[in-house]
Amino acid sequence: MLDGEKKIIEDAIGGEASAFGLLYDKYQPQIYRFIYLKVGHREEAEDLTHQVFLSAWQSIEKYQHKGFPFSSWLYQISRNKVIDHWRTRKITLDIEDAAEQGENDSEIEKIEIRFEIERVQRAIPRLKEEYQDVIIMRFVEELSYEEIATALNKPQTTIRVLQHRAIKQLKDILEK
Amino acid sequence: MTEEKLVKILSGLRTVGPDKDYAKQSRVLILSHAKAVSNTRFVTVKSVFDFLRVAAVTAFGIVLLLTMFGGVSYVNNNFSPILLSGLDQKSLMTEADEINNSINVTLKEIKYLDNSTAATNNQIDQLAGNNKILTGEAPTSTTSRYDQKINELLEKAAQ
(Lines give C-alpha, C1' and ligand atoms only; values in the text may rest on other atoms or scores of the structure.)
Protein backbone atom coordinates (compact mmCIF):
# COMPACT_ATOMS: atom_id res chain seq x y z
CA MET A 1 0.00 0.00 0.00
CA LEU A 2 1.22 3.53 -0.77
CA ASP A 3 2.13 5.88 2.06
CA GLY A 4 -0.82 8.18 2.64
CA GLU A 5 -2.83 6.17 0.14
CA LYS A 6 -6.15 7.25 1.58
CA LYS A 7 -5.32 10.92 0.99
CA ILE A 8 -4.01 10.17 -2.51
CA ILE A 9 -7.25 8.35 -3.33
CA GLU A 10 -9.29 11.25 -1.97
CA ASP A 11 -7.34 13.65 -4.17
CA ALA A 12 -7.88 11.40 -7.16
CA ILE A 13 -11.59 11.24 -6.40
CA GLY A 14 -11.49 15.04 -6.29
CA GLY A 15 -10.25 14.99 -9.89
CA GLU A 16 -6.52 15.42 -9.28
CA ALA A 17 -4.84 13.62 -12.17
CA SER A 18 -1.39 13.59 -10.54
CA ALA A 19 -2.84 11.69 -7.58
CA PHE A 20 -4.25 9.07 -9.88
CA GLY A 21 -0.86 9.00 -11.61
CA LEU A 22 0.72 7.90 -8.34
CA LEU A 23 -1.81 5.09 -7.99
CA TYR A 24 -1.13 4.09 -11.58
CA ASP A 25 2.63 3.95 -11.01
CA LYS A 26 2.21 1.85 -7.90
CA TYR A 27 -0.34 -0.69 -9.11
CA GLN A 28 0.03 -0.86 -12.87
CA PRO A 29 2.80 -3.52 -12.88
CA GLN A 30 0.95 -5.94 -10.64
CA ILE A 31 -2.36 -5.47 -12.46
CA TYR A 32 -0.60 -6.01 -15.75
CA ARG A 33 1.02 -9.19 -14.34
CA PHE A 34 -2.32 -10.42 -13.05
CA ILE A 35 -3.93 -9.94 -16.44
CA TYR A 36 -0.99 -11.24 -18.41
CA LEU A 37 -0.83 -14.46 -16.40
CA LYS A 38 -4.52 -14.96 -17.00
CA VAL A 39 -4.67 -14.20 -20.71
CA GLY A 40 -1.14 -15.39 -21.59
CA HIS A 41 -0.67 -12.77 -24.27
CA ARG A 42 1.38 -9.61 -23.89
CA GLU A 43 -0.48 -7.24 -26.22
CA GLU A 44 -3.84 -8.37 -24.92
CA ALA A 45 -2.61 -7.88 -21.37
CA GLU A 46 -1.39 -4.37 -22.18
CA ASP A 47 -4.69 -3.46 -23.78
CA LEU A 48 -6.72 -4.86 -20.89
CA THR A 49 -4.50 -3.18 -18.29
CA HIS A 50 -5.00 0.13 -20.04
CA GLN A 51 -8.76 -0.42 -20.00
CA VAL A 52 -8.69 -1.32 -16.31
CA PHE A 53 -6.97 1.92 -15.31
CA LEU A 54 -9.10 3.99 -17.64
CA SER A 55 -12.25 2.50 -16.10
CA ALA A 56 -10.83 3.01 -12.62
CA TRP A 57 -10.16 6.69 -13.33
CA GLN A 58 -13.54 7.25 -14.91
CA SER A 59 -15.43 5.66 -12.04
CA ILE A 60 -13.14 6.45 -9.11
CA GLU A 61 -16.01 8.29 -7.38
CA LYS A 62 -17.55 4.87 -6.75
CA TYR A 63 -14.52 3.66 -4.83
CA GLN A 64 -14.98 3.35 -1.07
CA HIS A 65 -11.85 3.07 1.05
CA LYS A 66 -12.26 0.25 3.58
CA GLY A 67 -8.66 0.03 4.77
CA PHE A 68 -7.54 -2.38 2.05
CA PRO A 69 -5.08 -1.46 -0.69
CA PHE A 70 -6.47 0.24 -3.76
CA SER A 71 -5.34 -2.84 -5.69
CA SER A 72 -8.27 -4.85 -4.27
CA TRP A 73 -10.62 -2.65 -6.25
CA LEU A 74 -8.38 -2.77 -9.32
CA TYR A 75 -8.34 -6.56 -9.16
CA GLN A 76 -12.12 -6.57 -9.19
CA ILE A 77 -12.16 -4.41 -12.32
CA SER A 78 -9.42 -6.56 -13.88
CA ARG A 79 -11.35 -9.77 -13.32
CA ASN A 80 -14.40 -8.30 -15.01
CA LYS A 81 -12.30 -7.07 -17.93
CA VAL A 82 -10.69 -10.48 -18.38
CA ILE A 83 -14.06 -12.22 -18.23
CA ASP A 84 -15.40 -9.83 -20.90
CA HIS A 85 -12.23 -10.47 -22.89
CA TRP A 86 -12.77 -14.24 -22.85
CA ARG A 87 -16.38 -13.84 -23.87
CA THR A 88 -15.54 -11.85 -26.97
CA ARG A 89 -12.11 -13.10 -28.03
CA LYS A 90 -11.71 -16.62 -26.75
CA ILE A 91 -11.18 -18.34 -30.13
CA THR A 92 -8.62 -15.81 -31.33
CA LEU A 93 -6.63 -16.14 -28.13
CA ASP A 94 -6.57 -19.91 -28.31
CA ILE A 95 -4.90 -19.68 -31.71
CA GLU A 96 -2.42 -17.03 -30.60
CA ASP A 97 -1.69 -18.91 -27.40
CA ALA A 98 -0.75 -22.01 -29.41
CA ALA A 99 1.48 -19.96 -31.70
CA GLU A 100 3.20 -18.33 -28.75
CA GLN A 101 3.89 -21.70 -27.15
CA GLY A 102 5.84 -22.71 -30.25
CA GLU A 103 7.91 -19.55 -30.15
CA ASN A 104 8.77 -20.01 -26.49
CA ASP A 105 9.99 -23.59 -26.91
CA SER A 106 13.31 -22.50 -28.37
CA GLU A 107 13.99 -20.12 -25.45
CA ILE A 108 13.03 -22.38 -22.54
CA GLU A 109 15.54 -25.05 -23.59
CA LYS A 110 18.38 -22.71 -22.60
CA ILE A 111 17.67 -22.33 -18.90
CA GLU A 112 15.80 -24.95 -16.89
CA ILE A 113 14.27 -22.59 -14.38
CA ARG A 114 13.12 -20.35 -17.18
CA PHE A 115 11.53 -23.39 -18.75
CA GLU A 116 9.66 -24.20 -15.56
CA ILE A 117 8.45 -20.64 -15.23
CA GLU A 118 7.19 -20.65 -18.78
CA ARG A 119 5.46 -23.97 -18.19
CA VAL A 120 3.70 -22.72 -15.12
CA GLN A 121 2.87 -19.46 -16.88
CA ARG A 122 1.17 -21.34 -19.66
CA ALA A 123 -0.60 -23.62 -17.23
CA ILE A 124 -2.21 -20.81 -15.27
CA PRO A 125 -4.70 -19.74 -17.99
CA ARG A 126 -5.88 -23.35 -18.16
CA LEU A 127 -7.01 -23.26 -14.55
CA LYS A 128 -10.55 -22.42 -13.56
CA GLU A 129 -11.09 -18.65 -13.44
CA GLU A 130 -11.25 -18.40 -9.66
CA TYR A 131 -8.25 -20.74 -9.24
CA GLN A 132 -6.23 -18.42 -11.48
CA ASP A 133 -7.19 -15.45 -9.32
CA VAL A 134 -6.20 -17.16 -6.09
CA ILE A 135 -2.92 -18.58 -7.45
CA ILE A 136 -1.77 -15.23 -8.85
CA MET A 137 -2.88 -13.13 -5.89
CA ARG A 138 -1.58 -15.52 -3.25
CA PHE A 139 1.67 -16.86 -4.72
CA VAL A 140 2.73 -14.31 -7.32
CA GLU A 141 1.61 -11.10 -5.63
CA GLU A 142 1.76 -12.55 -2.11
CA LEU A 143 -1.44 -10.85 -0.97
CA SER A 144 -2.96 -11.78 2.39
CA TYR A 145 -6.06 -13.97 2.57
CA GLU A 146 -7.97 -10.93 3.77
CA GLU A 147 -6.99 -8.89 0.72
CA ILE A 148 -7.82 -11.73 -1.65
CA ALA A 149 -11.15 -12.28 0.08
CA THR A 150 -11.93 -8.58 -0.39
CA ALA A 151 -10.89 -8.55 -4.04
CA LEU A 152 -12.84 -11.72 -4.87
CA ASN A 153 -15.73 -10.89 -2.55
CA LYS A 154 -15.53 -14.29 -0.85
CA PRO A 155 -14.92 -15.41 2.77
CA GLN A 156 -11.33 -16.14 3.77
CA THR A 157 -12.16 -19.78 4.46
CA THR A 158 -13.36 -20.14 0.88
CA ILE A 159 -10.12 -18.58 -0.35
CA ARG A 160 -8.10 -21.18 1.58
CA VAL A 161 -10.16 -23.99 0.07
CA LEU A 162 -9.81 -22.48 -3.41
CA GLN A 163 -6.06 -22.15 -2.93
CA HIS A 164 -5.75 -25.83 -2.03
CA ARG A 165 -7.77 -26.91 -5.04
CA ALA A 166 -5.96 -24.50 -7.35
CA ILE A 167 -2.53 -25.87 -6.41
CA LYS A 168 -3.78 -29.40 -6.91
CA GLN A 169 -5.22 -28.63 -10.34
CA LEU A 170 -2.08 -26.74 -11.37
CA LYS A 171 0.09 -29.71 -10.40
CA ASP A 172 -2.21 -32.00 -12.35
CA ILE A 173 -1.87 -29.81 -15.44
CA LEU A 174 1.92 -29.63 -15.13
CA GLU A 175 2.25 -33.42 -14.69
CA LYS A 176 0.32 -34.17 -17.86
CA MET B 1 6.82 -31.26 -9.07
CA THR B 2 6.60 -30.61 -5.34
CA GLU B 3 4.32 -27.97 -3.92
CA GLU B 4 7.29 -26.12 -2.50
CA LYS B 5 8.96 -25.91 -5.90
CA LEU B 6 5.72 -24.86 -7.52
CA VAL B 7 5.30 -22.03 -5.05
CA LYS B 8 8.89 -20.93 -5.68
CA ILE B 9 8.29 -20.86 -9.43
CA LEU B 10 5.07 -18.96 -8.95
CA SER B 11 6.85 -16.31 -6.89
CA GLY B 12 9.41 -16.10 -9.72
CA LEU B 13 6.59 -14.98 -12.00
CA ARG B 14 6.70 -11.69 -10.16
CA THR B 15 9.48 -10.66 -12.52
CA VAL B 16 6.92 -10.45 -15.30
CA GLY B 17 6.26 -6.80 -16.00
CA PRO B 18 4.89 -4.49 -18.63
CA ASP B 19 7.00 -2.85 -21.30
CA LYS B 20 8.22 0.52 -19.99
CA ASP B 21 7.32 2.43 -23.16
CA TYR B 22 3.85 0.95 -23.10
CA ALA B 23 3.45 1.91 -19.41
CA LYS B 24 4.44 5.55 -20.10
CA GLN B 25 2.21 5.84 -23.14
CA SER B 26 -0.75 4.29 -21.35
CA ARG B 27 -0.24 6.61 -18.38
CA VAL B 28 -0.20 9.74 -20.57
CA LEU B 29 -3.29 8.60 -22.44
CA ILE B 30 -5.24 7.87 -19.26
CA LEU B 31 -4.26 11.10 -17.53
CA SER B 32 -4.95 13.23 -20.64
CA HIS B 33 -8.33 11.59 -20.81
CA ALA B 34 -8.65 12.48 -17.16
CA LYS B 35 -8.54 16.20 -18.02
CA ALA B 36 -11.56 15.80 -20.24
CA VAL B 37 -13.24 13.89 -17.46
CA SER B 38 -12.38 16.67 -15.02
CA ASN B 39 -13.86 19.29 -17.38
CA THR B 40 -16.93 17.18 -17.80
CA ARG B 41 -17.06 16.87 -14.03
CA PHE B 42 -16.83 20.62 -13.66
CA VAL B 43 -19.68 21.10 -16.09
CA THR B 44 -21.61 18.43 -14.28
CA VAL B 45 -21.01 20.08 -10.92
CA LYS B 46 -22.06 23.43 -12.38
CA SER B 47 -25.17 21.94 -13.87
CA VAL B 48 -25.86 20.22 -10.57
CA PHE B 49 -25.65 23.59 -8.82
CA ASP B 50 -27.97 25.12 -11.42
CA PHE B 51 -30.35 22.26 -10.92
CA LEU B 52 -30.13 22.69 -7.16
CA ARG B 53 -30.89 26.40 -7.48
CA VAL B 54 -34.01 25.70 -9.53
CA ALA B 55 -34.92 22.88 -7.17
CA ALA B 56 -34.49 25.18 -4.16
CA VAL B 57 -36.79 27.81 -5.68
CA THR B 58 -39.36 25.16 -6.55
CA ALA B 59 -39.12 23.65 -3.10
CA PHE B 60 -39.53 27.07 -1.51
CA GLY B 61 -42.64 27.69 -3.62
CA ILE B 62 -44.07 24.33 -2.65
CA VAL B 63 -43.36 24.98 1.02
CA LEU B 64 -45.00 28.40 0.72
CA LEU B 65 -48.09 26.90 -0.91
CA LEU B 66 -48.24 24.15 1.67
CA THR B 67 -47.93 26.71 4.45
CA MET B 68 -50.73 28.76 2.94
CA PHE B 69 -53.01 25.76 2.48
CA GLY B 70 -51.99 24.44 5.86
CA GLY B 71 -52.78 27.83 7.42
CA VAL B 72 -56.18 27.97 5.78
CA SER B 73 -56.86 24.44 6.86
CA TYR B 74 -55.74 25.28 10.41
CA VAL B 75 -57.98 28.33 10.51
CA ASN B 76 -60.88 26.27 9.17
CA ASN B 77 -60.32 23.60 11.75
CA ASN B 78 -59.90 25.95 14.67
CA PHE B 79 -61.71 29.20 13.94
CA SER B 80 -64.41 28.28 11.44
CA PRO B 81 -67.87 29.63 12.51
CA ILE B 82 -69.29 26.24 11.63
CA LEU B 83 -66.98 24.57 14.08
CA LEU B 84 -67.06 27.20 16.89
CA SER B 85 -67.77 25.56 20.21
CA GLY B 86 -70.50 28.21 20.84
CA LEU B 87 -72.39 26.91 17.83
CA ASP B 88 -71.88 23.30 18.47
CA GLN B 89 -75.26 21.53 18.44
CA LYS B 90 -74.63 19.36 21.49
CA SER B 91 -73.28 22.15 23.60
CA LEU B 92 -76.16 24.34 22.44
CA MET B 93 -78.68 21.72 23.53
CA THR B 94 -76.96 21.34 26.87
CA GLU B 95 -76.82 25.06 27.31
CA ALA B 96 -80.50 25.37 26.34
CA ASP B 97 -81.42 22.65 28.83
CA GLU B 98 -79.50 24.42 31.56
CA ILE B 99 -81.22 27.72 30.75
CA ASN B 100 -84.58 25.96 30.63
CA ASN B 101 -84.00 24.38 34.01
CA SER B 102 -82.92 27.67 35.53
CA ILE B 103 -86.03 29.36 34.05
CA ASN B 104 -88.23 26.62 35.55
CA VAL B 105 -86.57 27.10 38.89
CA THR B 106 -87.08 30.85 38.64
CA LEU B 107 -90.73 30.45 37.69
CA LYS B 108 -91.30 28.12 40.61
CA GLU B 109 -89.62 30.63 42.87
CA ILE B 110 -91.78 33.45 41.45
CA LYS B 111 -94.93 31.38 41.84
CA TYR B 112 -93.93 30.48 45.38
CA LEU B 113 -93.11 34.10 46.21
CA ASP B 114 -96.37 35.25 44.63
CA ASN B 115 -98.41 32.79 46.68
CA SER B 116 -96.55 33.55 49.81
CA THR B 117 -96.94 37.32 49.22
CA ALA B 118 -100.71 36.94 48.74
CA ALA B 119 -100.99 34.83 51.88
CA THR B 120 -98.87 37.28 53.80
CA ASN B 121 -100.96 40.20 52.58
CA ASN B 122 -104.13 38.43 53.65
CA GLN B 123 -102.70 37.73 57.02
CA ILE B 124 -101.58 41.36 57.39
CA ASP B 125 -104.98 42.64 56.30
CA GLN B 126 -106.73 40.34 58.69
CA LEU B 127 -104.49 41.39 61.51
CA ALA B 128 -104.95 45.07 60.60
CA GLY B 129 -108.76 44.69 60.46
CA ASN B 130 -108.92 42.91 63.75
CA ASN B 131 -106.72 45.53 65.31
CA LYS B 132 -108.99 48.45 64.12
CA ILE B 133 -112.10 46.66 65.29
CA LEU B 134 -110.53 46.24 68.67
CA THR B 135 -109.42 49.90 68.83
CA GLY B 136 -112.81 51.22 67.52
CA GLU B 137 -111.38 52.61 64.34
CA ALA B 138 -113.03 51.85 61.11
CA PRO B 139 -110.99 49.68 59.02
CA THR B 140 -109.56 51.69 56.19
CA SER B 141 -108.67 48.78 54.08
CA THR B 142 -111.23 47.74 51.51
CA THR B 143 -109.15 44.87 50.30
CA SER B 144 -110.31 42.48 52.98
CA ARG B 145 -113.26 40.32 52.05
CA TYR B 146 -114.58 40.58 55.56
CA ASP B 147 -114.44 44.35 55.54
CA GLN B 148 -116.26 44.49 52.24
CA LYS B 149 -119.00 42.21 53.52
CA ILE B 150 -119.35 44.27 56.67
CA ASN B 151 -119.58 47.46 54.61
CA GLU B 152 -122.21 45.94 52.37
CA LEU B 153 -124.20 44.79 55.37
CA LEU B 154 -123.95 48.21 56.99
CA GLU B 155 -125.14 49.95 53.84
CA LYS B 156 -128.06 47.60 53.52
CA ALA B 157 -128.96 48.21 57.10
CA ALA B 158 -128.78 51.98 56.64
CA GLN B 159 -131.17 51.86 53.73
# chains A, B, ... in the order shown; residues from 1 in each chain; ligands from 1
>>> closest_atom_pairs(of="chain A", to="chain B", cutoff="9 Å", atoms="only C-alpha atoms", output="tab-separated table")
residue	atom	partner	partner_atom	distance
A:Gly14	CA	B:Ser38	CA	8.9
A:Gly15	CA	B:Ser38	CA	5.8
A:Glu16	CA	B:Ser38	CA	8.3
A:Ala17	CA	B:Leu31	CA	6.0
A:Ser18	CA	B:Leu31	CA	8.0
A:Phe20	CA	B:Leu31	CA	7.9
A:Gly21	CA	B:Leu31	CA	7.1
A:Tyr24	CA	B:Arg27	CA	7.3
A:Asp25	CA	B:Arg27	CA	8.3
A:Gln28	CA	B:Ala23	CA	7.9
A:Pro29	CA	B:Gly17	CA	5.7
A:Gln30	CA	B:Gly17	CA	7.6
A:Tyr32	CA	B:Pro18	CA	6.4
A:Arg33	CA	B:Gly17	CA	6.0
A:Tyr36	CA	B:Val16	CA	8.5
A:Leu37	CA	B:Leu13	CA	8.6
A:Arg42	CA	B:Pro18	CA	8.1
A:Ala45	CA	B:Pro18	CA	8.7
A:Glu46	CA	B:Pro18	CA	7.2
A:Thr49	CA	B:Ser26	CA	8.9
A:His50	CA	B:Ser26	CA	6.1
A:Phe53	CA	B:Ile30	CA	7.3
A:Leu54	CA	B:Ile30	CA	5.7
A:Trp57	CA	B:Ala34	CA	7.1
A:Gln58	CA	B:Val37	CA	7.1
A:Ile113	CA	B:Ile9	CA	8.0
A:Glu116	CA	B:Ile9	CA	7.1
A:Ile117	CA	B:Ile9	CA	5.8
A:Glu118	CA	B:Leu13	CA	8.9
A:Val120	CA	B:Leu10	CA	7.4
A:Gln121	CA	B:Leu13	CA	7.6
A:Ile135	CA	B:Leu10	CA	8.1
A:Ile136	CA	B:Leu10	CA	7.8
A:Phe139	CA	B:Ser11	CA	5.6
A:Val140	CA	B:Ser11	CA	4.6
A:Glu141	CA	B:Arg14	CA	6.8
A:Glu142	CA	B:Ser11	CA	7.9
A:Ile167	CA	B:Glu3	CA	7.6
A:Lys168	CA	B:Glu3	CA	8.7
A:Leu170	CA	B:Leu6	CA	8.9
A:Lys171	CA	B:Met1	CA	7.0
A:Leu174	CA	B:Met1	CA	8.0
A:Glu175	CA	B:Met1	CA	7.6
>>> select_by_dssp(residues="region 25-88 of chain A", states="helix (DSSP H, G or I)", output="PyMOL selection string")
chain A and resi 25-39+42-58+60-62+70-88
>>> atom_distance(atom1="CA of Asp97 (chain B)", atom2="CA of Tyr112 (chain B)")
22.2 Å
>>> residues_around(residues="Gln132 (chain A)", least_positions_apart="2", cutoff="10 Å", atoms="only C-alpha atoms", output="PyMOL selection string")
chain A and resi 34+37-38+123-130+134-138+162-163+166-167+170
>>> atom_distance(atom1="CA of Thr58 (chain B)", atom2="CA of Val72 (chain B)")
21.0 Å
>>> atom_distance(atom1="CA of Asp133 (chain A)", atom2="CA of Gln51 (chain A)")
18.5 Å
>>> closest_residue(among="A:Val82, A:Ile9, A:Leu23, A:Ile31", to="Glu61 (chain A)", atoms="only C-alpha atoms")
A:Ile9
